Every structure is written in C-alpha cells, then in structure tokens.
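A.B. asks: Below is the file data04.txt, with compact mmCIF, C-alpha atoms.
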# COMPACT_ATOMS: atom_id res chain seq x y z
CA MET Z 1 -11.76 15.65 -61.63
CA SER Z 2 -14.09 13.51 -63.71
CA LYS Z 3 -12.57 11.29 -66.36
CA TYR Z 4 -15.40 11.58 -68.88
CA LEU Z 5 -17.76 14.32 -67.68
CA ARG Z 6 -15.99 17.61 -68.34
CA SER Z 7 -18.91 20.07 -68.33
CA THR Z 8 -22.26 20.20 -66.54
CA GLN Z 9 -24.00 23.16 -68.10
CA PHE Z 10 -27.23 21.23 -68.66
CA VAL Z 11 -26.90 18.05 -66.59
CA LEU Z 12 -26.34 17.35 -62.91
CA PHE Z 13 -24.32 14.35 -61.70
CA ASP Z 14 -24.30 12.87 -58.23
CA VAL Z 15 -23.19 9.55 -56.74
CA ARG Z 16 -24.41 8.18 -53.42
CA GLU Z 17 -24.54 4.65 -52.04
CA ARG Z 18 -23.73 2.90 -55.36
CA VAL Z 19 -26.33 4.94 -57.29
CA ALA Z 20 -25.49 7.63 -59.85
CA ARG Z 21 -28.21 10.21 -60.39
CA ILE Z 22 -28.08 12.06 -63.72
CA THR Z 23 -30.48 14.99 -64.02
CA LEU Z 24 -31.44 16.81 -67.22
CA ASN Z 25 -31.17 20.35 -65.93
CA ARG Z 26 -32.93 22.76 -68.25
CA PRO Z 27 -36.24 23.11 -66.41
CA ASP Z 28 -37.04 26.53 -67.89
CA LYS Z 29 -37.19 24.80 -71.30
CA ARG Z 30 -38.90 21.67 -69.94
CA ASN Z 31 -35.55 19.90 -70.40
CA ALA Z 32 -35.80 20.14 -74.19
CA LEU Z 33 -32.82 18.47 -75.85
CA HIS Z 34 -30.09 20.15 -77.86
CA PRO Z 35 -26.51 19.11 -78.75
CA VAL Z 36 -24.73 20.40 -75.65
CA MET Z 37 -27.18 18.69 -73.31
CA LEU Z 38 -27.04 15.43 -75.28
CA THR Z 39 -23.24 15.47 -75.32
CA GLU Z 40 -23.13 16.09 -71.59
CA LEU Z 41 -25.68 13.32 -71.04
CA ARG Z 42 -23.56 10.88 -73.03
CA ASP Z 43 -20.48 11.88 -71.03
CA ALA Z 44 -22.34 11.55 -67.71
CA LEU Z 45 -23.51 8.06 -68.66
CA LEU Z 46 -19.96 7.04 -69.56
CA GLU Z 47 -18.73 8.52 -66.28
CA ALA Z 48 -21.24 6.44 -64.33
CA ASP Z 49 -20.47 3.32 -66.34
CA ALA Z 50 -16.73 3.69 -65.69
CA ARG Z 51 -16.84 4.45 -61.96
CA VAL Z 52 -16.33 1.55 -59.56
CA ASP Z 53 -18.55 3.17 -56.92
CA VAL Z 54 -21.64 3.03 -59.19
CA ASN Z 55 -23.80 -0.05 -59.78
CA VAL Z 56 -26.99 1.55 -61.13
CA VAL Z 57 -28.03 4.88 -62.68
CA ILE Z 58 -31.17 6.98 -62.30
CA LEU Z 59 -31.98 9.33 -65.19
CA GLU Z 60 -34.42 12.13 -64.33
CA GLY Z 61 -35.48 15.62 -65.34
CA ALA Z 62 -35.34 18.74 -63.18
CA GLY Z 63 -38.57 20.61 -62.54
CA LYS Z 64 -42.04 19.59 -63.66
CA ASP Z 65 -41.10 17.50 -66.70
CA PHE Z 66 -38.84 14.62 -67.59
CA CYS Z 67 -38.19 15.92 -71.12
CA ALA Z 68 -40.47 17.72 -73.56
CA GLY Z 69 -38.55 16.53 -76.62
CA TYR Z 70 -36.05 18.06 -79.02
CA ASP Z 71 -35.61 21.81 -79.00
CA LEU Z 72 -37.36 22.97 -82.17
CA ALA Z 73 -37.01 26.70 -81.51
CA GLY Z 74 -33.49 27.13 -82.87
CA ALA Z 75 -31.18 25.94 -80.12
CA TYR Z 76 -31.26 22.37 -81.45
CA ALA Z 77 -29.12 23.60 -84.34
CA GLY Z 78 -26.40 24.18 -81.78
CA PHE Z 79 -26.35 27.97 -81.81
CA LYS Z 80 -28.77 30.80 -81.03
CA GLU Z 81 -31.81 31.26 -83.23
CA GLY Z 82 -31.09 33.71 -86.06
CA GLU Z 83 -27.35 33.58 -85.39
CA ALA Z 84 -24.83 32.20 -87.88
CA PRO Z 85 -22.87 29.16 -86.67
CA PRO Z 86 -19.22 29.69 -85.70
CA TRP Z 87 -17.94 27.74 -88.71
CA ASN Z 88 -18.08 28.00 -92.49
CA GLU Z 89 -21.28 26.16 -93.37
CA ALA Z 90 -20.13 25.58 -96.95
CA ASP Z 91 -17.36 23.30 -95.69
CA TYR Z 92 -19.71 20.86 -93.96
CA ARG Z 93 -22.78 18.77 -94.52
CA SER Z 94 -26.11 20.56 -94.29
CA MET Z 95 -28.61 19.63 -91.61
CA ASN Z 96 -31.09 18.11 -94.07
CA ALA Z 97 -30.62 19.51 -97.57
CA THR Z 98 -30.19 15.93 -98.82
CA ILE Z 99 -31.55 12.69 -97.43
CA ASP Z 100 -28.01 11.44 -96.81
CA ASP Z 101 -27.09 14.58 -94.87
CA ASP Z 102 -30.25 14.19 -92.81
CA CYS Z 103 -29.49 10.51 -92.10
CA TRP Z 104 -25.90 11.35 -91.17
CA ASN Z 105 -26.95 14.00 -88.67
CA LEU Z 106 -29.64 11.80 -87.14
CA GLU Z 107 -27.08 9.02 -86.76
CA GLN Z 108 -24.73 11.35 -84.88
CA THR Z 109 -27.53 12.12 -82.41
CA GLN Z 110 -28.30 8.42 -82.10
CA LYS Z 111 -24.72 7.83 -80.96
CA LEU Z 112 -25.42 10.10 -77.99
CA THR Z 113 -28.67 8.41 -76.97
CA THR Z 114 -28.00 4.72 -77.66
CA VAL Z 115 -25.29 4.83 -74.97
CA LEU Z 116 -28.21 4.08 -72.63
CA PHE Z 117 -28.68 0.73 -74.37
CA ASP Z 118 -24.99 -0.05 -74.90
CA MET Z 119 -23.57 0.84 -71.47
CA HIS Z 120 -22.97 -2.06 -69.10
CA LYS Z 121 -24.80 -0.73 -66.04
CA PRO Z 122 -28.61 -0.56 -65.72
CA VAL Z 123 -30.46 2.74 -66.01
CA ILE Z 124 -33.82 3.60 -64.46
CA ALA Z 125 -35.77 6.44 -66.06
CA ARG Z 126 -37.73 8.47 -63.49
CA VAL Z 127 -40.54 10.07 -65.50
CA GLN Z 128 -42.81 12.87 -64.36
CA GLY Z 129 -44.79 15.50 -66.24
CA ASN Z 130 -44.19 15.47 -69.97
CA CYS Z 131 -42.13 12.75 -71.63
CA MET Z 132 -42.55 13.72 -75.26
CA ALA Z 133 -40.85 12.91 -78.57
CA GLY Z 134 -37.10 13.05 -77.85
CA GLY Z 135 -37.90 12.41 -74.21
CA THR Z 136 -39.25 9.00 -75.24
CA ASP Z 137 -36.12 8.45 -77.33
CA LEU Z 138 -34.24 8.58 -74.03
CA ALA Z 139 -36.70 6.81 -71.72
CA LEU Z 140 -37.35 3.83 -74.00
CA MET Z 141 -33.60 3.19 -74.30
CA CYS Z 142 -33.37 2.81 -70.52
CA ASP Z 143 -33.62 -0.56 -68.82
CA PHE Z 144 -36.57 0.42 -66.64
CA ILE Z 145 -39.12 3.22 -66.66
CA ILE Z 146 -41.03 4.17 -63.53
CA CYS Z 147 -43.43 7.06 -64.02
CA ALA Z 148 -46.00 9.11 -62.20
CA GLU Z 149 -49.57 8.04 -62.90
CA ASP Z 150 -50.27 11.51 -64.32
CA ALA Z 151 -47.16 11.63 -66.53
CA LYS Z 152 -47.87 12.17 -70.26
CA ILE Z 153 -45.91 9.95 -72.62
CA GLY Z 154 -46.06 10.16 -76.40
CA PHE Z 155 -44.62 11.39 -79.68
CA PRO Z 156 -46.99 14.09 -81.02
CA ALA Z 157 -44.36 15.09 -83.60
CA THR Z 158 -45.42 12.06 -85.69
CA ARG Z 159 -48.43 14.12 -86.78
CA ALA Z 160 -46.40 16.44 -89.00
CA ASN Z 161 -42.67 16.33 -88.24
CA GLY Z 162 -41.27 12.84 -88.72
CA THR Z 163 -41.04 9.40 -87.15
CA PRO Z 164 -39.04 8.55 -84.01
CA PRO Z 165 -35.31 8.44 -84.83
CA ASN Z 166 -34.96 5.89 -82.02
CA GLN Z 167 -37.50 3.13 -82.50
CA MET Z 168 -37.91 1.07 -79.34
CA TRP Z 169 -41.72 1.30 -79.17
CA ILE Z 170 -42.17 -1.99 -81.02
CA TYR Z 171 -40.09 -3.86 -78.43
CA HIS Z 172 -42.05 -2.48 -75.49
CA VAL Z 173 -45.66 -2.64 -76.71
CA GLY Z 174 -45.79 -4.71 -79.90
CA PRO Z 175 -46.83 -3.76 -83.44
CA GLN Z 176 -50.45 -2.67 -82.97
CA TRP Z 177 -49.82 -0.31 -80.06
CA ALA Z 178 -46.65 1.01 -81.73
CA LYS Z 179 -48.69 1.82 -84.84
CA ARG Z 180 -51.49 3.29 -82.71
CA MET Z 181 -49.07 5.70 -81.08
CA MET Z 182 -47.13 6.58 -84.24
CA MET Z 183 -50.13 7.03 -86.52
CA THR Z 184 -52.03 9.40 -84.22
CA GLY Z 185 -49.32 11.11 -82.17
CA ASP Z 186 -51.60 10.62 -79.18
CA CYS Z 187 -50.21 10.35 -75.66
CA LEU Z 188 -50.73 7.93 -72.79
CA TRP Z 189 -51.17 8.74 -69.14
CA GLY Z 190 -48.61 6.96 -67.02
CA ARG Z 191 -51.33 4.86 -65.41
CA ASP Z 192 -52.27 3.53 -68.87
CA ALA Z 193 -48.69 3.20 -70.12
CA VAL Z 194 -48.01 0.58 -67.46
CA ARG Z 195 -51.02 -1.46 -68.58
CA ILE Z 196 -49.67 -1.92 -72.11
CA GLY Z 197 -46.09 -2.62 -71.00
CA LEU Z 198 -44.56 0.69 -72.07
CA VAL Z 199 -43.29 1.30 -68.52
CA LEU Z 200 -42.45 -0.98 -65.62
CA ASP Z 201 -44.59 0.77 -63.01
CA ALA Z 202 -46.74 3.87 -62.51
CA VAL Z 203 -47.28 5.34 -59.05
CA PRO Z 204 -48.90 8.44 -57.57
CA ALA Z 205 -46.66 11.44 -58.19
CA GLU Z 206 -45.90 11.87 -54.50
CA GLU Z 207 -44.61 8.28 -54.36
CA LEU Z 208 -42.40 8.48 -57.46
CA ASP Z 209 -39.13 9.20 -55.68
CA ALA Z 210 -39.71 6.41 -53.18
CA ALA Z 211 -40.50 3.86 -55.92
CA VAL Z 212 -37.48 4.79 -58.05
CA ASN Z 213 -35.11 4.96 -55.11
CA GLU Z 214 -36.24 1.58 -53.77
CA LEU Z 215 -35.70 -0.16 -57.11
CA ALA Z 216 -32.29 1.49 -57.45
CA ARG Z 217 -31.39 0.50 -53.89
CA ARG Z 218 -32.30 -3.13 -54.46
CA ILE Z 219 -30.42 -3.33 -57.76
CA SER Z 220 -27.39 -1.58 -56.26
CA PHE Z 221 -26.72 -4.47 -53.86
CA VAL Z 222 -25.85 -6.75 -56.82
CA ASP Z 223 -22.25 -6.56 -58.05
CA ALA Z 224 -21.78 -4.45 -61.16
CA GLU Z 225 -20.27 -7.36 -63.11
CA LEU Z 226 -23.36 -9.47 -62.49
CA LEU Z 227 -25.69 -6.62 -63.42
CA SER Z 228 -23.71 -6.22 -66.63
CA ALA Z 229 -24.11 -9.90 -67.45
CA HIS Z 230 -27.86 -9.72 -66.91
CA LYS Z 231 -28.29 -6.54 -68.95
CA ARG Z 232 -26.05 -7.59 -71.81
CA ILE Z 233 -27.64 -11.01 -72.36
CA ILE Z 234 -31.15 -9.56 -72.40
CA ASN Z 235 -30.07 -6.73 -74.69
CA ALA Z 236 -28.32 -9.31 -76.89
CA ALA Z 237 -31.71 -10.98 -77.27
CA LEU Z 238 -33.13 -7.63 -78.39
CA GLU Z 239 -30.28 -7.31 -80.85
CA LEU Z 240 -31.06 -10.76 -82.23
CA GLN Z 241 -34.58 -9.43 -82.73
CA GLY Z 242 -33.06 -6.60 -84.77
CA ALA Z 243 -33.05 -3.78 -82.22
CA LYS Z 244 -29.67 -2.33 -83.24
CA THR Z 245 -30.28 -2.67 -86.98
CA LEU Z 246 -33.71 -1.12 -86.56
CA GLN Z 247 -32.16 2.05 -85.19
CA ARG Z 248 -30.31 2.58 -88.48
CA PHE Z 249 -33.56 2.15 -90.37
CA ALA Z 250 -35.30 4.48 -87.90
CA ALA Z 251 -32.88 7.28 -88.80
CA GLU Z 252 -33.42 6.66 -92.50
CA MET Z 253 -37.21 6.58 -92.12
CA ASP Z 254 -37.13 9.81 -90.11
CA ALA Z 255 -35.07 11.44 -92.88
CA ARG Z 256 -37.57 10.15 -95.44
CA ALA Z 257 -40.47 11.47 -93.35
CA HIS Z 258 -38.83 14.91 -93.25
CA LEU Z 259 -39.24 15.04 -97.05
CA CYS Z 260 -43.01 14.65 -96.79
CA GLN Z 261 -44.83 17.26 -98.86
CA GLY Z 262 -48.34 16.57 -97.58
CA PRO Z 263 -50.56 19.46 -96.48
CA ARG Z 264 -50.05 19.03 -92.73
CA ARG Z 265 -46.26 18.87 -93.11
CA ARG Z 266 -46.28 21.94 -95.37
CA GLN Z 267 -48.54 23.80 -92.94
CA PHE Z 268 -46.27 23.10 -89.98
CA ARG Z 269 -43.21 24.37 -91.82
CA ALA Z 270 -45.05 27.47 -92.99
CA ASP Z 271 -46.34 28.17 -89.47
CA MET Z 272 -42.83 27.80 -88.05
CA ALA Z 273 -41.43 30.23 -90.60
CA GLU Z 274 -44.21 32.83 -90.36
CA HIS Z 275 -45.51 32.59 -86.79
CA GLY Z 276 -43.12 30.54 -84.69
CA LEU Z 277 -43.21 27.32 -82.73
CA LYS Z 278 -46.20 28.05 -80.51
CA THR Z 279 -48.56 28.63 -83.44
CA ALA Z 280 -47.13 25.69 -85.39
CA LEU Z 281 -47.75 23.32 -82.48
CA LYS Z 282 -51.25 24.72 -81.88
CA ASN Z 283 -52.29 24.23 -85.50
CA ARG Z 284 -50.69 20.78 -85.64
CA ASP Z 285 -52.33 19.43 -82.51
CA GLU Z 286 -55.69 21.23 -82.33
CA PRO Z 287 -57.61 18.68 -84.47
CA PHE Z 288 -56.66 15.93 -82.02
CA GLY Z 289 -58.35 17.52 -79.00
CA ASP Z 290 -56.56 16.70 -75.77
CA GLY Z 291 -54.50 14.12 -77.67
CA MET Z 292 -54.87 11.36 -75.08
CA VAL Z 293 -55.42 7.70 -75.92
CA ARG Z 294 -58.97 6.58 -75.39
CA ALA Z 295 -59.09 2.77 -75.36
CA HIS Z 296 -62.18 1.06 -73.93
CA TRP Z 297 -60.35 -1.56 -71.87
CA LEU Z 298 -57.90 1.00 -70.46
CA SER Z 299 -60.76 2.83 -68.78
CA LYS Z 300 -61.96 -0.23 -66.87
Would you give me this structure, written as structure tokens?
C.D. replies:
Amino acid sequence: MSKYLRSTQFVLFDVRERVARITLNRPDKRNALHPVMLTELRDALLEADARVDVNVVILEGAGKDFCAGYDLAGAYAGFKEGEAPPWNEADYRSMNATIDDDCWNLEQTQKLTTVLFDMHKPVIARVQGNCMAGGTDLALMCDFIICAEDAKIGFPATRANGTPPNQMWIYHVGPQWAKRMMMTGDCLWGRDAVRIGLVLDAVPAEELDAAVNELARRISFVDAELLSAHKRIINAALELQGAKTLQRFAAEMDARAHLCQGPRRRQFRADMAEHGLKTALKNRDEPFGDGMVRAHWLSK
C-alpha cells in the first residue's frame, strides 16, 4: 500500500529502475486539470519523493496531449456542471466573489503544483501535443522540459481570462519573451521553445520517449541525496531571485486580472454563460489567427 498516494482516478504511477513515471490520465479531456487530479498529482509526487527506490521522476500526459490547461467547463469547481456542491456554500469562502477569496483559492491550488519545485528529487516533464495554460503551470515548475518539436506551448487564457497563477516564465526566458507570451497569448512550437530557453530540448515526436528516458536513466545513476543537493542549491538561487515570493504575487495578480471589466473579458464571460466553452474560446482566439509566435530569427 502506498504511503502518500491513496487514489489513482486521474493519475498513473509506476516505478522502474530508479525512475518514477507519473502520468496525467484524463486523455478524453486532454488531461485538463481539476481538483481531484491535482490532489492526486501532489500525492504521487510526494510518494515518489519519499520512496528510496526512486531517484528521478518523469511527468507526462496520457494520449495526444501533455495538458490542455485548467478545466473551464465546470469540473474545475470540483463537482459536475450544473450540480450543487455537497456542502453548504454559505459556510465557506466563495470561489471569487471577493479578491481575497479568489487569492485564497488560487493559493490552495498553488500548494498542489509548487510541490514540483519544492520536492527534493528532480522531475522531467515529457511534453507532447498541447501544453497550455495550467499545463505550463506544471511544466515550468519541473526541473527539465523535453518536448516534441511539434508540441504547442503557451497560455492563450491571458487574452481574456487572467494571468498565470504560477509565474515561472520570467526565470526561463527573461522579461521581453515573458511579456511577449503574456501580452498576446500566442503559443510556441516546441522547436522554437528550445531556442529561447523555455525547454531543455526539442526532438522529433517519434524520438521523445527515447530522449526523456535517456536523460532519466543518466540522472538515476546519481544518488538521491546528491541530486537533492544539486536541485536545492539551484532552486535556492531562484528563491534568492524572488521565485517563491513571486508566486504569491502571481496569485494576487491573477485575482486582480479576474476583475477586469474590459470588452474582451466581458465577452468571454457572456459567451460562456450563453453559448458554452467552445464558442467562448472561438470568439476569444479567432482574432489571433493560428496564434503561433512569428519571430524573424526563429524562422532562420
């Protein structure tokens, strides 16, 4: 029986040859995130971090996508769309009726995702297909990202929904590229993401497993205590650069962004209420064309 991982409704967990493989397992929903999945992910990461037969972790998504982001269609609230929650709502904070309630809820989700940064053992994100919004909140907290050349990485929700509640973009790509990605919601192909430092490597899709497995294999030969020392000193440097404090501000800025009353924000909320998610996303993203970054030097 596992010490920390008690349910695996939406994640898979496997350990072989010093490598733990944690799989987001909701392929029919493109591995969209909701509370049960995030709680199971946190528990799986703690399980891997605690086990003496694990030196390194691979985080991946089942099916065609790594993770398409947070589930906006109702399940992210923790219960079925249109269904009342199994508790008295009046006794608890709202989701976002006040800015403090919004911050509080975002901070609770952060506690589930920042485990990737805080845990002692290294984590490799294996990224294929879509890595969008909440998917980047996970991937950019990992120690390494290896992606397929045709993977799509970005945060289109910045166009009308908010700002990333986990802000690690600045530490990977610097201020100008972070602003470029946030202020357009455009996405990068994996082959371009590696050129600006967002990911460690990008390989043809058919070579992705081999590349991830080889890095994990090489890392796994180093004792866990040494890997922990390496990870923690480098992450301490990020903390000295404000990485942990910035996450608190990221939650507060996301809550502030949710209060936006501009026309595109109002339109998205109206589309969600009247027509549903598909129409809301179409109307949000249509003016941006295919939504891919077009930088002159990237094409050379």
A.B. asks: Which residues of segment 147-210 of chain Z sit at most 6 Å from segment 127-143 of chain Z, using only C-alpha atoms? Give each one's shortest atom pair and distance in Å (one decimal place), in chain and ascending residue order, as JSON lines.
C.D. replies:
{"residue": "Z:Cys147", "atom": "CA", "partner": "Z:Val127", "partner_atom": "CA", "distance": 4.4}
{"residue": "Z:Ala148", "atom": "CA", "partner": "Z:Gln128", "partner_atom": "CA", "distance": 5.4}
{"residue": "Z:Ala151", "atom": "CA", "partner": "Z:Gly129", "partner_atom": "CA", "distance": 4.5}
{"residue": "Z:Lys152", "atom": "CA", "partner": "Z:Asn130", "partner_atom": "CA", "distance": 5.0}
{"residue": "Z:Ile153", "atom": "CA", "partner": "Z:Cys131", "partner_atom": "CA", "distance": 4.8}
{"residue": "Z:Gly154", "atom": "CA", "partner": "Z:Met132", "partner_atom": "CA", "distance": 5.1}
{"residue": "Z:Phe155", "atom": "CA", "partner": "Z:Ala133", "partner_atom": "CA", "distance": 4.2}
{"residue": "Z:Asn166", "atom": "CA", "partner": "Z:Asp137", "partner_atom": "CA", "distance": 5.5}
A.B. asks: Using all atoms listed in the file, I'd like a table of the residues in segment 13-106 of chain Z that come within 9 Å of segment 257-270 of chain Z; for each, show the closest atom pair and its distance in Å rounded to one decimal, ordered by chain and ascending number, as CSV.
C.D. replies:
residue,atom,partner,partner_atom,distance
Z:Asn96,CA,Z:His258,CA,8.4
Z:Ile99,CA,Z:Leu259,CA,8.1
Z:Asp102,CA,Z:His258,CA,8.6
A.B. asks: If you measure from atom CA of Arg284 of chain Z to atom CA of Thr184 of chain Z, what distance in Å do you get, rounded to one decimal?
C.D. replies: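 Taking atom CA of Arg284 of chain Z and atom CA of Thr184 of chain Z, their separation equals 11.5 Å.
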A.B. asks: Identify the residues around (-22.0, 4.0, -58.9) within a radius of 8 Å, measuring from all atoms listed in the file in the coordinates stated by the file, and give them as an mmCIF file with C-alpha atoms, in the frame of the given file.
C.D. replies:
data_model
loop_
_atom_site.group_PDB
_atom_site.id
_atom_site.type_symbol
_atom_site.label_atom_id
_atom_site.label_comp_id
_atom_site.auth_asym_id
_atom_site.auth_seq_id
_atom_site.Cartn_x
_atom_site.Cartn_y
_atom_site.Cartn_z
ATOM 1 C CA VAL Z 15 -23.190 9.550 -56.740
ATOM 2 C CA ARG Z 16 -24.410 8.180 -53.420
ATOM 3 C CA GLU Z 17 -24.540 4.650 -52.040
ATOM 4 C CA ARG Z 18 -23.730 2.900 -55.360
ATOM 5 C CA VAL Z 19 -26.330 4.940 -57.290
ATOM 6 C CA ALA Z 20 -25.490 7.630 -59.850
ATOM 7 C CA ALA Z 48 -21.240 6.440 -64.330
ATOM 8 C CA ASP Z 49 -20.470 3.320 -66.340
ATOM 9 C CA ARG Z 51 -16.840 4.450 -61.960
ATOM 10 C CA VAL Z 52 -16.330 1.550 -59.560
ATOM 11 C CA ASP Z 53 -18.550 3.170 -56.920
ATOM 12 C CA VAL Z 54 -21.640 3.030 -59.190
ATOM 13 C CA ASN Z 55 -23.800 -0.050 -59.780
ATOM 14 C CA VAL Z 56 -26.990 1.550 -61.130
ATOM 15 C CA VAL Z 57 -28.030 4.880 -62.680
#
A.B. asks: Give me, as a list in words, all polymer residues having an atom no more than 8 Å from Ala216 of chain Z, counting all atoms listed in the file and skipping those fewer than 2 positions away in the same chain.
C.D. replies: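 After dropping sequence-adjacent residues, the list is Val19, Val56, Val57, Ile58, Ile124, Val212, Asn213, Glu214, Arg218, Ile219 and Ser220 of chain Z.
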A.B. asks: Using only C-alpha atoms for the distances, tell me which of Z:Leu281, Z:Met119, Z:Ala193, Z:Ile170 is nearest to Lys231 of chain Z.
C.D. replies: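 Under the stated criterion, the closest residue is Z:Met119.
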A.B. asks: Interatomic distance between atom CA of Glu239 of chain Z and atom CA of Arg191 of chain Z?
C.D. replies: 28.8 Å
A.B. asks: I'd like to know which of Z:Met181, Z:Val203, Z:Ile234, Z:Ala157 is closest to Asp118 of chain Z, using all atoms listed in the file.
C.D. replies: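 Closest to Asp118 of chain Z of all the choices is Z:Ile234.
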A.B. asks: Grab the atom CA of Met95 of chain Z to atom CA of Gly276 of chain Z distance for me, in Å with one decimal place.
C.D. replies: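 That distance, rounded to one decimal, is 19.4 Å.
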A.B. asks: Find the residue from Z:His120, Z:Val194, Z:Met182, Z:Tyr171 that sits nearest to Ala237 of chain Z; use all atoms listed in the file when measuring.
C.D. replies: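 Looking only at the distances to Ala237 of chain Z, the closest residue turns out to be Z:Tyr171.
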A.B. asks: Go through Z:Lys111, Z:Arg30, Z:His172, Z:Arg21 one by one, measure the shortest atom-to-atom distance of each to Val123 of chain Z using all atoms listed in the file, and give the residue with the smallest value.
C.D. replies: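 Closest residue, counting all atoms listed in the file: Z:Arg21.
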A.B. asks: Could you tell me which of Z:Lys3, Z:Arg26, Z:Lys64, Z:Arg256 comes closest to Ala44 of chain Z if we count all atoms listed in the file?
C.D. replies: Z:Lys3
A.B. asks: Regenerate segment 13-21 of chain Z at the level of all heavy atoms and dump it as a PDB file, in the frame of the given file.
C.D. replies:
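Just written: out.pdb:
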ATOM      1  N   PHE Z  13     -24.855  15.699 -61.915  1.00  0.00           N
ATOM      2  CA  PHE Z  13     -24.320  14.350 -61.700  1.00  0.00           C
ATOM      3  C   PHE Z  13     -23.986  14.182 -60.240  1.00  0.00           C
ATOM      4  O   PHE Z  13     -23.291  15.004 -59.652  1.00  0.00           O
ATOM      5  CB  PHE Z  13     -23.065  14.149 -62.561  1.00  0.00           C
ATOM      6  CG  PHE Z  13     -22.498  12.758 -62.496  1.00  0.00           C
ATOM      7  CD1 PHE Z  13     -22.970  11.772 -63.347  1.00  0.00           C
ATOM      8  CD2 PHE Z  13     -21.487  12.445 -61.599  1.00  0.00           C
ATOM      9  CE1 PHE Z  13     -22.446  10.482 -63.302  1.00  0.00           C
ATOM     10  CE2 PHE Z  13     -20.960  11.161 -61.543  1.00  0.00           C
ATOM     11  CZ  PHE Z  13     -21.435  10.179 -62.396  1.00  0.00           C
ATOM     12  N   ASP Z  14     -24.523  13.108 -59.654  1.00  0.00           N
ATOM     13  CA  ASP Z  14     -24.300  12.870 -58.230  1.00  0.00           C
ATOM     14  C   ASP Z  14     -24.221  11.366 -57.988  1.00  0.00           C
ATOM     15  O   ASP Z  14     -24.943  10.592 -58.630  1.00  0.00           O
ATOM     16  CB  ASP Z  14     -25.449  13.472 -57.414  1.00  0.00           C
ATOM     17  CG  ASP Z  14     -25.262  13.260 -55.922  1.00  0.00           C
ATOM     18  OD1 ASP Z  14     -24.303  13.803 -55.359  1.00  0.00           O
ATOM     19  OD2 ASP Z  14     -26.086  12.533 -55.324  1.00  0.00           O
ATOM     20  N   VAL Z  15     -23.339  10.961 -57.090  1.00  0.00           N
ATOM     21  CA  VAL Z  15     -23.190   9.550 -56.740  1.00  0.00           C
ATOM     22  C   VAL Z  15     -23.324   9.393 -55.232  1.00  0.00           C
ATOM     23  O   VAL Z  15     -22.617  10.053 -54.462  1.00  0.00           O
ATOM     24  CB  VAL Z  15     -21.840   8.984 -57.199  1.00  0.00           C
ATOM     25  CG1 VAL Z  15     -21.685   7.533 -56.731  1.00  0.00           C
ATOM     26  CG2 VAL Z  15     -21.700   9.060 -58.715  1.00  0.00           C
ATOM     27  N   ARG Z  16     -24.237   8.504 -54.841  1.00  0.00           N
ATOM     28  CA  ARG Z  16     -24.410   8.180 -53.420  1.00  0.00           C
ATOM     29  C   ARG Z  16     -24.831   6.731 -53.291  1.00  0.00           C
ATOM     30  O   ARG Z  16     -25.750   6.284 -53.983  1.00  0.00           O
ATOM     31  CB  ARG Z  16     -25.471   9.071 -52.768  1.00  0.00           C
ATOM     32  CG  ARG Z  16     -25.139  10.552 -52.772  1.00  0.00           C
ATOM     33  CD  ARG Z  16     -26.211  11.361 -52.091  1.00  0.00           C
ATOM     34  NE  ARG Z  16     -25.994  12.801 -52.260  1.00  0.00           N
ATOM     35  CZ  ARG Z  16     -26.781  13.745 -51.754  1.00  0.00           C
ATOM     36  NH1 ARG Z  16     -27.854  13.386 -51.047  1.00  0.00           N
ATOM     37  NH2 ARG Z  16     -26.523  15.015 -51.972  1.00  0.00           N
ATOM     38  N   GLU Z  17     -24.172   6.019 -52.397  1.00  0.00           N
ATOM     39  CA  GLU Z  17     -24.540   4.650 -52.040  1.00  0.00           C
ATOM     40  C   GLU Z  17     -24.764   3.772 -53.281  1.00  0.00           C
ATOM     41  O   GLU Z  17     -25.813   3.162 -53.444  1.00  0.00           O
ATOM     42  CB  GLU Z  17     -25.776   4.649 -51.144  1.00  0.00           C
ATOM     43  CG  GLU Z  17     -25.530   5.363 -49.823  1.00  0.00           C
ATOM     44  CD  GLU Z  17     -26.736   5.324 -48.912  1.00  0.00           C
ATOM     45  OE1 GLU Z  17     -27.872   5.214 -49.422  1.00  0.00           O
ATOM     46  OE2 GLU Z  17     -26.549   5.401 -47.683  1.00  0.00           O
ATOM     47  N   ARG Z  18     -23.786   3.773 -54.178  1.00  0.00           N
ATOM     48  CA  ARG Z  18     -23.730   2.900 -55.360  1.00  0.00           C
ATOM     49  C   ARG Z  18     -24.705   3.312 -56.460  1.00  0.00           C
ATOM     50  O   ARG Z  18     -24.862   2.595 -57.451  1.00  0.00           O
ATOM     51  CB  ARG Z  18     -23.971   1.425 -54.970  1.00  0.00           C
ATOM     52  CG  ARG Z  18     -23.027   0.895 -53.916  1.00  0.00           C
ATOM     53  CD  ARG Z  18     -23.428  -0.480 -53.428  1.00  0.00           C
ATOM     54  NE  ARG Z  18     -24.792  -0.544 -52.928  1.00  0.00           N
ATOM     55  CZ  ARG Z  18     -25.181  -0.100 -51.723  1.00  0.00           C
ATOM     56  NH1 ARG Z  18     -24.301   0.424 -50.885  1.00  0.00           N
ATOM     57  NH2 ARG Z  18     -26.439  -0.193 -51.344  1.00  0.00           N
ATOM     58  N   VAL Z  19     -25.354   4.463 -56.308  1.00  0.00           N
ATOM     59  CA  VAL Z  19     -26.330   4.940 -57.290  1.00  0.00           C
ATOM     60  C   VAL Z  19     -25.874   6.280 -57.860  1.00  0.00           C
ATOM     61  O   VAL Z  19     -25.622   7.223 -57.104  1.00  0.00           O
ATOM     62  CB  VAL Z  19     -27.733   5.099 -56.665  1.00  0.00           C
ATOM     63  CG1 VAL Z  19     -28.720   5.623 -57.708  1.00  0.00           C
ATOM     64  CG2 VAL Z  19     -28.211   3.778 -56.082  1.00  0.00           C
ATOM     65  N   ALA Z  20     -25.756   6.359 -59.181  1.00  0.00           N
ATOM     66  CA  ALA Z  20     -25.490   7.630 -59.850  1.00  0.00           C
ATOM     67  C   ALA Z  20     -26.812   8.235 -60.291  1.00  0.00           C
ATOM     68  O   ALA Z  20     -27.649   7.544 -60.878  1.00  0.00           O
ATOM     69  CB  ALA Z  20     -24.575   7.439 -61.054  1.00  0.00           C
ATOM     70  N   ARG Z  21     -27.000   9.513 -59.989  1.00  0.00           N
ATOM     71  CA  ARG Z  21     -28.210  10.210 -60.390  1.00  0.00           C
ATOM     72  C   ARG Z  21     -27.819  11.276 -61.423  1.00  0.00           C
ATOM     73  O   ARG Z  21     -27.035  12.180 -61.124  1.00  0.00           O
ATOM     74  CB  ARG Z  21     -28.874  10.870 -59.181  1.00  0.00           C
ATOM     75  CG  ARG Z  21     -30.250  11.462 -59.466  1.00  0.00           C
ATOM     76  CD  ARG Z  21     -30.874  12.021 -58.190  1.00  0.00           C
ATOM     77  NE  ARG Z  21     -31.143  10.977 -57.222  1.00  0.00           N
ATOM     78  CZ  ARG Z  21     -32.277  10.294 -57.153  1.00  0.00           C
ATOM     79  NH1 ARG Z  21     -33.257  10.543 -58.004  1.00  0.00           N
ATOM     80  NH2 ARG Z  21     -32.445   9.360 -56.238  1.00  0.00           N
TER      81      ARG Z  21
END
